[in-house]
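Raw target.cif, mmCIF, C-alpha atoms:
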data_upload
loop_
_atom_site.label_atom_id
_atom_site.label_comp_id
_atom_site.auth_asym_id
_atom_site.auth_seq_id
_atom_site.Cartn_x
_atom_site.Cartn_y
_atom_site.Cartn_z
CA MET A 122 -23.90 22.35 -14.71
CA ILE A 123 -23.77 19.93 -11.77
CA LEU A 124 -20.26 18.68 -12.55
CA GLU A 125 -18.96 22.26 -12.69
CA GLN A 126 -20.49 23.03 -9.28
CA LEU A 127 -19.11 19.85 -7.71
CA PHE A 128 -15.60 19.82 -9.14
CA HIS A 129 -14.89 23.41 -10.29
CA LEU A 130 -13.60 22.24 -13.66
CA ARG A 131 -13.08 25.73 -15.15
CA GLU A 132 -11.26 26.99 -12.09
CA ASN A 133 -8.90 24.03 -12.33
CA ARG A 134 -8.49 24.46 -16.10
CA THR A 135 -9.76 21.02 -17.00
CA SER A 136 -12.72 19.35 -18.72
CA VAL A 137 -14.88 16.24 -18.38
CA ARG A 138 -12.93 14.63 -21.24
CA ARG A 139 -9.57 15.26 -19.59
CA GLU A 140 -10.83 13.94 -16.28
CA LEU A 141 -12.19 10.82 -17.98
CA ILE A 142 -8.87 10.14 -19.71
CA GLY A 143 -7.04 10.79 -16.43
CA GLY A 144 -9.35 8.43 -14.54
CA LEU A 145 -8.96 5.68 -17.14
CA THR A 146 -5.18 6.05 -17.09
CA THR A 147 -5.05 5.86 -13.29
CA PHE A 148 -7.35 2.82 -13.25
CA LEU A 149 -5.22 0.90 -15.75
CA ALA A 150 -2.06 1.77 -13.79
CA MET A 151 -3.45 0.47 -10.48
CA SER A 152 -5.82 -2.30 -11.66
CA TYR A 153 -3.23 -4.95 -10.83
CA ILE A 154 -4.50 -4.75 -7.25
CA LEU A 155 -7.62 -6.67 -8.34
CA ALA A 156 -5.43 -9.70 -8.95
CA VAL A 157 -2.73 -9.21 -6.34
CA ASN A 158 -4.88 -8.43 -3.28
CA PRO A 159 -7.05 -11.58 -3.49
CA GLU A 160 -3.91 -13.65 -4.14
CA LEU A 161 -2.14 -12.26 -1.04
CA LEU A 162 -5.06 -12.16 1.40
CA GLY A 163 -6.34 -15.48 0.07
CA SER A 164 -3.24 -17.18 1.47
CA THR A 165 -4.48 -16.30 4.98
CA GLY A 166 -7.54 -18.51 4.56
CA MET A 167 -9.85 -15.74 3.39
CA SER A 168 -12.09 -16.41 0.38
CA LYS A 169 -10.31 -15.05 -2.71
CA THR A 170 -13.56 -14.22 -4.48
CA ALA A 171 -14.87 -12.41 -1.41
CA VAL A 172 -11.60 -10.46 -1.13
CA PHE A 173 -11.97 -9.55 -4.83
CA THR A 174 -15.35 -7.97 -4.09
CA ALA A 175 -14.11 -6.35 -0.87
CA THR A 176 -11.19 -4.84 -2.78
CA ILE A 177 -13.57 -3.35 -5.32
CA LEU A 178 -15.95 -2.02 -2.66
CA ALA A 179 -13.09 -0.40 -0.74
CA ALA A 180 -11.76 1.17 -3.94
CA ILE A 181 -15.19 2.45 -4.99
CA VAL A 182 -15.90 4.01 -1.59
CA GLY A 183 -12.39 5.44 -1.29
CA CYS A 184 -12.41 6.97 -4.78
CA LEU A 185 -15.89 8.42 -4.35
CA LEU A 186 -14.95 9.99 -1.02
CA MET A 187 -11.74 11.41 -2.46
CA GLY A 188 -13.61 12.78 -5.46
CA LEU A 189 -16.81 14.09 -3.91
CA VAL A 190 -15.55 15.19 -0.48
CA ALA A 191 -11.97 16.28 -1.15
CA ASN A 192 -12.13 16.99 -4.93
CA PHE A 193 -8.69 15.42 -5.23
CA PRO A 194 -7.42 13.60 -8.38
CA VAL A 195 -6.24 10.68 -6.27
CA ALA A 196 -7.53 7.10 -6.40
CA LEU A 197 -7.65 4.79 -3.38
CA ALA A 198 -7.64 1.01 -2.98
CA PRO A 199 -6.18 -1.56 -0.56
CA GLY A 200 -2.50 -0.70 -0.39
CA MET A 201 0.50 -2.75 -1.43
CA GLY A 202 2.84 -3.32 1.49
CA LEU A 203 0.06 -3.09 4.02
CA ASN A 204 -1.58 -6.17 2.50
CA ALA A 205 1.77 -7.94 2.64
CA PHE A 206 2.18 -7.02 6.31
CA PHE A 207 -1.37 -8.22 6.98
CA THR A 208 -0.70 -11.57 5.28
CA TYR A 209 2.88 -12.55 5.95
CA THR A 210 3.55 -10.96 9.33
CA VAL A 211 0.26 -10.64 11.21
CA VAL A 212 -1.49 -13.82 10.09
CA GLN A 213 1.21 -16.24 8.91
CA GLU A 214 4.11 -15.33 11.20
CA TRP A 215 2.27 -14.24 14.34
CA HIS A 216 -0.61 -16.70 13.87
CA ILE A 217 -3.25 -14.04 14.47
CA PRO A 218 -6.59 -15.05 12.87
CA TRP A 219 -7.44 -12.96 9.82
CA GLN A 220 -10.70 -11.92 11.50
CA THR A 221 -8.74 -10.36 14.39
CA ALA A 222 -6.30 -8.78 11.95
CA LEU A 223 -9.23 -7.09 10.20
CA ALA A 224 -10.36 -5.79 13.59
CA GLY A 225 -6.89 -4.27 13.97
CA VAL A 226 -7.28 -2.53 10.60
CA PHE A 227 -10.67 -1.19 11.73
CA VAL A 228 -9.23 0.27 14.94
CA ALA A 229 -6.29 1.79 13.05
CA GLY A 230 -8.82 3.40 10.71
CA ILE A 231 -10.77 4.87 13.63
CA LEU A 232 -7.53 6.31 15.05
CA PHE A 233 -6.74 7.76 11.64
CA ILE A 234 -10.19 9.40 11.49
CA LEU A 235 -9.79 10.92 14.96
CA LEU A 236 -6.34 12.21 14.02
CA THR A 237 -7.56 13.85 10.81
CA LEU A 238 -10.32 15.61 12.74
CA SER A 239 -7.82 17.04 15.23
CA LYS A 240 -5.06 19.60 14.96
CA LEU A 241 -2.51 16.93 15.82
CA ARG A 242 -2.53 15.52 12.28
CA ASP A 243 0.26 17.58 10.73
CA LYS A 244 2.28 17.58 13.95
CA LEU A 245 2.28 13.80 14.24
CA ILE A 246 3.28 13.37 10.61
CA ASN A 247 6.19 15.77 11.13
CA LEU A 248 7.31 14.04 14.34
CA ILE A 249 8.43 10.96 12.39
CA PRO A 250 11.83 11.71 10.80
CA SER A 251 11.70 11.93 7.01
CA ALA A 252 14.58 9.49 6.66
CA LEU A 253 12.63 6.79 8.48
CA LYS A 254 9.51 7.46 6.41
CA TYR A 255 11.50 6.92 3.23
CA ALA A 256 13.29 3.90 4.70
CA VAL A 257 10.01 2.24 5.64
CA SER A 258 8.64 2.78 2.13
CA ALA A 259 11.82 1.45 0.52
CA GLY A 260 11.97 -1.49 2.93
CA ILE A 261 8.41 -2.45 2.08
CA GLY A 262 9.43 -2.29 -1.57
CA LEU A 263 12.21 -4.82 -0.94
CA PHE A 264 9.81 -6.98 1.03
CA ILE A 265 7.16 -6.98 -1.68
CA ALA A 266 9.67 -7.75 -4.42
CA PHE A 267 11.12 -10.63 -2.40
CA SER A 268 7.67 -12.07 -1.74
CA GLY A 269 7.00 -11.99 -5.48
CA LEU A 270 10.23 -13.85 -6.18
CA GLN A 271 9.46 -16.38 -3.47
CA THR A 272 5.79 -17.13 -4.18
CA SER A 273 6.56 -17.63 -7.87
CA GLY A 274 9.31 -20.14 -7.08
CA ILE A 275 12.16 -18.08 -8.52
CA ILE A 276 13.70 -17.94 -5.04
CA VAL A 277 13.35 -20.95 -2.72
CA ALA A 278 14.42 -21.95 0.79
CA ASN A 279 17.87 -23.46 1.19
CA LYS A 280 19.31 -25.14 4.30
CA SER A 281 22.92 -24.11 3.74
CA ASN A 282 22.44 -20.41 2.97
CA ALA A 283 18.77 -19.63 3.71
CA VAL A 284 17.72 -18.92 0.11
CA ALA A 285 18.69 -20.05 -3.37
CA LEU A 286 17.63 -19.90 -7.00
CA GLY A 287 14.59 -22.05 -7.79
CA ASN A 288 14.11 -24.67 -10.49
CA LEU A 289 14.59 -22.80 -13.76
CA HIS A 290 13.22 -25.79 -15.68
CA SER A 291 9.82 -25.48 -14.01
CA PRO A 292 7.14 -24.18 -16.42
CA THR A 293 5.59 -21.96 -13.75
CA VAL A 294 8.97 -20.45 -12.83
CA LEU A 295 9.76 -19.81 -16.49
CA LEU A 296 6.35 -18.18 -16.93
CA ALA A 297 7.01 -15.91 -13.93
CA ILE A 298 10.40 -14.89 -15.35
CA PHE A 299 8.78 -14.20 -18.71
CA GLY A 300 6.13 -12.05 -16.99
CA ILE A 301 8.74 -10.06 -15.08
CA ILE A 302 10.71 -9.33 -18.25
CA VAL A 303 7.60 -8.30 -20.20
CA GLY A 304 6.28 -6.15 -17.34
CA ILE A 305 9.62 -4.37 -16.89
CA MET A 306 9.88 -3.72 -20.63
CA LEU A 307 6.39 -2.20 -20.74
CA VAL A 308 6.91 0.01 -17.68
CA THR A 309 10.33 1.08 -18.96
CA ALA A 310 8.69 2.08 -22.25
CA ASN A 311 6.15 4.16 -20.29
CA VAL A 312 3.22 2.14 -21.61
CA THR A 313 0.02 3.24 -19.86
CA GLY A 314 -1.04 0.48 -17.47
CA GLY A 315 2.23 -1.37 -18.14
CA ILE A 316 1.92 -3.51 -14.99
CA PHE A 317 -1.63 -4.53 -15.92
CA TRP A 318 -0.78 -5.35 -19.53
CA GLY A 319 2.29 -7.30 -18.42
CA MET A 320 0.08 -9.50 -16.24
CA PHE A 321 -2.46 -9.84 -19.07
CA ILE A 322 0.18 -11.02 -21.56
CA THR A 323 1.70 -13.43 -19.00
CA ALA A 324 -1.68 -14.98 -18.23
CA ALA A 325 -2.44 -15.32 -21.95
CA VAL A 326 0.89 -17.08 -22.61
CA GLY A 327 0.33 -19.32 -19.58
CA MET A 328 -3.04 -20.42 -20.93
CA ILE A 329 -1.71 -20.97 -24.45
CA PHE A 330 0.98 -23.35 -23.16
CA GLY A 331 -1.31 -25.07 -20.66
CA ILE A 332 0.53 -23.78 -17.59
CA ILE A 333 -2.57 -21.95 -16.38
CA PRO A 334 -6.06 -23.49 -16.71
CA LEU A 335 -8.59 -21.61 -18.81
CA PRO A 336 -11.22 -19.61 -16.86
CA THR A 337 -14.72 -21.04 -16.72
CA GLY A 338 -16.09 -17.75 -18.04
CA ILE A 339 -15.42 -14.06 -18.41
CA ILE A 340 -18.47 -12.22 -17.08
CA SER A 341 -20.53 -13.23 -14.06
CA GLY A 342 -22.45 -11.85 -11.13
CA VAL A 343 -20.50 -10.06 -8.41
CA PRO A 344 -19.08 -12.62 -5.92
CA SER A 345 -20.53 -12.49 -2.44
CA VAL A 346 -18.54 -10.66 0.21
CA GLN A 347 -20.52 -12.36 2.97
CA PRO A 348 -17.74 -14.76 4.18
CA ILE A 349 -15.59 -11.82 5.31
CA PHE A 350 -18.01 -8.90 5.64
CA GLY A 351 -18.31 -7.44 9.15
CA GLN A 352 -15.71 -9.77 10.70
CA ALA A 353 -13.65 -6.72 11.67
CA VAL A 354 -16.44 -5.47 13.94
CA THR A 355 -17.53 -8.79 15.44
CA HIS A 356 -13.94 -9.62 16.44
CA LEU A 357 -13.06 -6.33 18.12
CA GLY A 358 -13.13 -8.16 21.46
CA ASN A 359 -10.12 -10.21 20.37
CA ILE A 360 -7.88 -7.16 20.49
CA ASN A 361 -6.58 -7.92 23.97
CA SER A 362 -2.83 -8.38 23.61
CA PHE A 363 0.32 -6.26 23.37
CA GLN A 364 0.98 -7.95 20.04
CA MET A 365 -2.25 -6.56 18.61
CA ILE A 366 -1.28 -3.09 19.85
CA ILE A 367 1.90 -3.39 17.76
CA VAL A 368 -0.21 -4.50 14.79
CA ILE A 369 -2.54 -1.51 15.12
CA LEU A 370 0.35 0.93 15.57
CA THR A 371 2.07 -0.44 12.47
CA PHE A 372 -1.08 -0.19 10.36
CA PHE A 373 -1.65 3.31 11.69
CA ILE A 374 1.89 4.66 11.26
CA ILE A 375 2.54 3.18 7.82
CA GLY A 376 -0.93 4.12 6.59
CA LEU A 377 -0.57 7.66 7.89
CA PHE A 378 2.62 8.69 6.19
CA ASP A 379 2.04 6.49 3.14
CA THR A 380 -1.23 8.30 2.42
CA SER A 381 0.20 11.69 3.39
CA GLY A 382 3.29 11.25 1.22
CA THR A 383 1.26 10.15 -1.78
CA LEU A 384 -1.19 13.02 -1.43
CA VAL A 385 1.62 15.56 -1.28
CA GLY A 386 3.37 13.98 -4.27
CA VAL A 387 0.25 13.90 -6.44
CA ALA A 388 -0.79 17.40 -5.34
CA THR A 389 2.64 18.75 -6.29
CA GLU A 390 2.38 17.12 -9.71
CA ALA A 391 -1.12 18.59 -10.18
CA GLY A 392 -0.08 22.09 -9.08
CA MET A 393 -2.26 22.00 -5.97
CA VAL A 394 0.43 23.25 -3.58
CA ASP A 395 0.22 26.88 -2.48
CA LYS A 396 3.43 28.56 -3.68
CA GLU A 397 3.62 30.95 -0.72
CA SER A 398 2.70 28.74 2.25
CA GLY A 399 3.69 25.37 0.78
CA GLU A 400 0.40 23.91 1.99
CA VAL A 401 -1.58 21.38 -0.02
CA LYS A 402 -5.07 22.64 -0.82
CA GLY A 403 -7.76 20.45 0.75
CA VAL A 404 -5.31 17.96 2.27
CA GLY A 405 -7.40 17.70 5.46
CA LYS A 406 -10.47 16.45 3.57
CA ALA A 407 -8.28 14.14 1.50
CA LEU A 408 -6.74 12.56 4.60
CA PHE A 409 -10.19 12.19 6.17
CA SER A 410 -11.40 10.43 3.02
CA GLY A 411 -8.48 8.02 3.21
CA ALA A 412 -9.09 7.34 6.89
CA LEU A 413 -12.80 6.67 6.38
CA ALA A 414 -12.00 4.42 3.39
CA THR A 415 -9.64 2.33 5.53
CA THR A 416 -12.28 1.91 8.24
CA LEU A 417 -15.05 0.94 5.81
CA GLY A 418 -12.62 -1.27 3.86
CA ALA A 419 -11.95 -3.25 7.02
CA VAL A 420 -15.70 -3.79 7.43
CA PHE A 421 -15.89 -5.03 3.84
CA GLY A 422 -13.01 -7.41 4.59
CA THR A 423 -9.71 -6.09 3.28
CA SER A 424 -6.39 -4.71 4.48
CA PRO A 425 -5.88 -0.91 4.81
CA THR A 426 -6.99 1.32 1.95
CA THR A 427 -4.53 3.98 0.88
CA ALA A 428 -3.86 6.61 -1.78
CA TYR A 429 -2.16 5.24 -4.89
CA VAL A 430 0.94 6.91 -6.29
CA GLU A 431 -0.20 5.60 -9.68
CA SER A 432 -2.62 8.54 -9.59
CA THR A 433 0.29 10.63 -10.90
CA SER A 434 -0.13 8.86 -14.24
CA GLY A 435 -3.67 10.24 -14.46
CA VAL A 436 -2.47 13.70 -13.42
CA ALA A 437 0.22 13.52 -16.10
CA VAL A 438 -2.45 13.24 -18.83
CA GLY A 439 -4.61 16.05 -17.46
CA ALA A 440 -6.57 15.01 -14.35
CA ARG A 441 -6.90 17.95 -11.95
CA THR A 442 -10.05 17.32 -9.90
CA GLY A 443 -11.95 14.67 -8.01
CA LEU A 444 -14.00 13.90 -11.11
CA SER A 445 -11.15 11.65 -12.28
CA SER A 446 -11.41 9.73 -8.99
CA VAL A 447 -15.16 9.31 -9.54
CA PHE A 448 -14.43 7.85 -12.97
CA VAL A 449 -11.95 5.42 -11.37
CA ALA A 450 -14.71 4.33 -8.96
CA LEU A 451 -17.05 3.66 -11.90
CA LEU A 452 -14.38 1.58 -13.65
CA PHE A 453 -13.85 -0.50 -10.50
CA ALA A 454 -17.61 -1.07 -10.36
CA ILE A 455 -17.57 -2.37 -13.95
CA ALA A 456 -14.60 -4.62 -13.12
CA ALA A 457 -16.68 -6.33 -10.43
CA PHE A 458 -18.47 -8.35 -13.11
CA PHE A 459 -15.26 -9.96 -14.41
CA SER A 460 -14.39 -12.13 -11.39
CA PRO A 461 -14.04 -15.44 -13.38
CA ILE A 462 -10.83 -14.06 -14.85
CA LEU A 463 -9.42 -14.07 -11.31
CA THR A 464 -8.58 -17.80 -11.64
CA VAL A 465 -5.85 -17.08 -14.20
CA ASN A 466 -4.02 -14.68 -11.87
CA THR A 467 -1.68 -17.22 -10.31
CA SER A 468 1.47 -16.35 -8.34
CA ALA A 469 3.44 -16.64 -11.59
CA VAL A 470 1.26 -13.92 -13.11
CA THR A 471 1.23 -11.56 -10.13
CA ALA A 472 4.99 -11.85 -9.47
CA SER A 473 5.80 -9.13 -12.00
CA ALA A 474 3.42 -6.67 -10.32
CA LEU A 475 4.93 -7.29 -6.89
CA ILE A 476 8.48 -6.88 -8.16
CA ILE A 477 7.83 -3.77 -10.26
CA VAL A 478 5.92 -2.04 -7.44
CA GLY A 479 8.79 -3.00 -5.13
CA ILE A 480 11.30 -1.37 -7.48
CA LEU A 481 9.22 1.81 -7.65
CA MET A 482 8.93 1.99 -3.86
CA LEU A 483 12.68 1.44 -3.44
CA SER A 484 13.33 4.71 -5.28
CA ASN A 485 12.66 6.53 -1.99
CA VAL A 486 16.20 5.72 -0.82
CA GLN A 487 17.40 8.71 -2.87
CA TYR A 488 15.87 11.04 -0.28
CA ILE A 489 17.86 9.58 2.63
CA ASP A 490 21.08 11.38 3.58
CA TRP A 491 23.46 8.42 3.55
CA THR A 492 26.45 10.69 4.27
CA LYS A 493 25.28 11.07 7.89
CA PHE A 494 25.98 7.77 9.65
CA GLU A 495 23.53 8.49 12.48
CA ILE A 496 20.78 8.67 9.83
CA ALA A 497 22.10 5.88 7.60
CA VAL A 498 22.15 3.29 10.41
CA PRO A 499 18.45 3.33 11.38
CA ALA A 500 17.44 3.69 7.72
CA PHE A 501 19.58 0.70 6.73
CA PHE A 502 18.32 -1.52 9.55
CA THR A 503 14.71 -0.59 8.83
CA MET A 504 15.07 -1.82 5.25
CA ILE A 505 17.34 -4.83 5.69
CA MET A 506 15.50 -6.22 8.72
CA MET A 507 12.15 -6.05 6.93
CA LEU A 508 13.66 -8.29 4.28
CA LEU A 509 15.69 -10.68 6.46
CA THR A 510 13.12 -11.14 9.23
CA TYR A 511 10.34 -11.35 6.64
CA SER A 512 8.44 -8.92 8.83
CA ILE A 513 7.58 -5.31 8.02
CA SER A 514 6.80 -4.43 11.64
CA GLU A 515 10.03 -5.90 13.00
CA GLY A 516 12.07 -3.98 10.46
CA LEU A 517 10.25 -0.80 11.42
CA ALA A 518 10.83 -1.61 15.10
CA VAL A 519 14.59 -2.09 14.71
CA GLY A 520 14.92 1.18 12.80
CA PHE A 521 12.89 3.09 15.38
CA ILE A 522 15.07 1.69 18.18
CA PHE A 523 18.35 2.63 16.50
CA TYR A 524 17.33 6.20 15.62
CA PRO A 525 17.35 7.67 19.17
CA ILE A 526 20.55 5.74 19.96
CA THR A 527 22.63 6.96 17.01
CA MET A 528 21.28 10.50 17.25
CA THR A 529 22.15 10.65 20.96
CA VAL A 530 25.68 9.32 20.47
CA LYS A 531 26.17 11.90 17.72
CA GLY A 532 25.13 14.63 20.16
CA ARG A 533 21.86 15.34 18.36
CA TRP A 534 19.58 14.01 21.11
CA ARG A 535 17.66 17.30 21.25
CA GLU A 536 16.38 16.51 17.74
CA VAL A 537 14.76 13.28 18.97
CA ASN A 538 11.18 14.05 19.92
CA ALA A 539 9.04 12.41 22.61
CA LEU A 540 7.21 10.22 20.09
CA MET A 541 10.45 8.61 18.90
CA TRP A 542 11.61 7.92 22.48
CA THR A 543 8.22 6.41 23.26
CA MET A 544 8.30 4.24 20.15
CA MET A 545 11.78 3.04 21.07
CA VAL A 546 10.57 1.89 24.50
CA VAL A 547 7.44 0.26 23.02
CA PHE A 548 9.44 -1.72 20.47
CA ILE A 549 12.06 -2.79 23.03
CA LEU A 550 9.23 -4.15 25.19
CA TYR A 551 7.85 -5.90 22.11
CA PHE A 552 11.14 -7.69 21.45
CA ALA A 553 11.53 -8.51 25.14
CA PHE A 554 8.10 -9.97 25.79
CA VAL A 555 6.34 -10.70 22.48
CA ALA A 556 8.72 -11.53 19.61
#
Now that the file is in, can you turn its structure into structure tokens?
Amino acid sequence: MILEQLFHLRENRTSVRRELIGGLTTFLAMSYILAVNPELLGSTGMSKTAVFTATILAAIVGCLLMGLVANFPVALAPGMGLNAFFTYTVVQEWHIPWQTALAGVFVAGILFILLTLSKLRDKLINLIPSALKYAVSAGIGLFIAFSGLQTSGIIVANKSNAVALGNLHSPTVLLAIFGIIVGIMLVTANVTGGIFWGMFITAAVGMIFGIIPLPTGIISGVPSVQPIFGQAVTHLGNINSFQMIIVILTFFIIGLFDTSGTLVGVATEAGMVDKESGEVKGVGKALFSGALATTLGAVFGTSPTTAYVESTSGVAVGARTGLSSVFVALLFAIAAFFSPILTVNTSAVTASALIIVGILMLSNVQYIDWTKFEIAVPAFFTMIMMLLTYSISEGLAVGFIFYPITMTVKGRWREVNALMWTMMVVFILYFAFVA
């Protein structure tokens, strides 16, 4: 049997049926990205319909690579947090054209590929302190949740105290609040694909009350990706500034330990960690698949592709091999023909997804040792500065600057490696000459 030879189903004590159910569960849990990614990247000036197709292409390629090359029950798609950094920081705050930003994603992907092919991979991952990895993830969670509250109008700008509560009499704001409540209830009740179904119900209610216009259709041909395809390659020559180096480093660093952390978490849940050595079976191929997916995703026209922690939902119902990832790829391919529905996914509808994902990412704070002040300081500044500066990279920069300082004052300077000292100098130069 071909499937047995490719995925070793018997060895992993699974079946085609279990892998199909696992793949379907994972797809439903992460399918919100089909609405959220076009909404976010579309605000940079990119074609929303083209981003929709690019998102699907990146997911299909990523899932197929993860399934066929690594035989890992992990699904990939453009990552939350990285798409927010791409949109709000790189393009809107720093005024870098989206074409050049895509070129930055492409270069970061190439660096990721080179790293996975070398023996430096595990060393580099371990050089970044765990506390800062968790702080970055949690900080991005805060950032994403805040962007959801802001774009939906629940939180608005205020001259006297920066931000304030929005107009609670606005139909769109009320719809967003309704969607957040419904989404939270579904996820709390452990409903499979709770985020997706929350958005579906919100959109349906919005159309019933005339807050959201009805779609012109349901099924159509796949939208053209031509407006954004290949822009990452043709604009490589625009990467000629220190600012773009910071962009590439941020994409690279966040993508590296985001993918690595997710792979380890899912592998642990699936029982793929060697009990004696503690090593994850096939992690090298899995990381290579993620790196190649990011590079090709940039060519298609989307922000970095990463492993989705929602894959644990598929593992929880039985997925144990890459066959589940192949099924996820097939489901994304089917979803490509439903682009007309994209028009109902307004900011009021997607707000719940942003906020719920933000809450889930914030759970990483539990792994930070807050009792050690020298650790708590850089972790705190990483998270709070991402939120208050409305910039993921600047929050990361502040945290990376504080870490060597507090560790040195505490007398633990020997624990600060060369990479962290280098990053501190790089980010100080960034604040001095770029920010």
Quiz item: Which residues match the PyMOL selection byres ((chain A and resi 503-511) around 10) in the file above, as a PyMOL selection string?
Solution: chain A and resi 206+209-210+214+253-268+283+483+486+497-502+512-524
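Relative to atom CA of Val326 of chain A, atom CA of Asn288 of chain A is found at 19.5 Å.
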Quiz prompt | Distance query 12 Å from (-4.4, 12.6, 7.7) using only C-alpha atoms, result as a PyMOL selection string | solution = chain A and resi 230-247+373-385+403-415+427-428
Practice problem: Starting from the displayed file, determine the output of the PyMOL selection byres ((chain A and resi 301) around 8) and express the residue list as a ChimeraX atom specification. | Solution: /A:297-300,302-305,319,472-474,476-477
Practice problem: Report the residues retrieved by the PyMOL selection byres ((chain A and resi 182-187) around 7) from the displayed file, expressed as a PyMOL selection string. | Solution: chain A and resi 178-181+188-193+195-198+407+410-411+414+443+446-447+449-450
Quiz item: Which neighbours of Leu161 of chain A fall inside 8 Å, counting all atoms listed in the file, when residues of the same chain fewer than 6 positions from it are skipped, and could you give them as a ChimeraX atom specification?
Solution: /A:204-205,208
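Candidate residues A:Ile316, A:Leu141, A:Ile367, A:Ile329 were compared for distance to Val226 of chain A, and the nearest is A:Ile367, using all atoms listed in the file.
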Quiz item: Expressed in Å to a single decimal, how great is the separation between atom CA of Pro199 of chain A and atom CA of Ala457 of chain A?
Solution: 15.2 Å
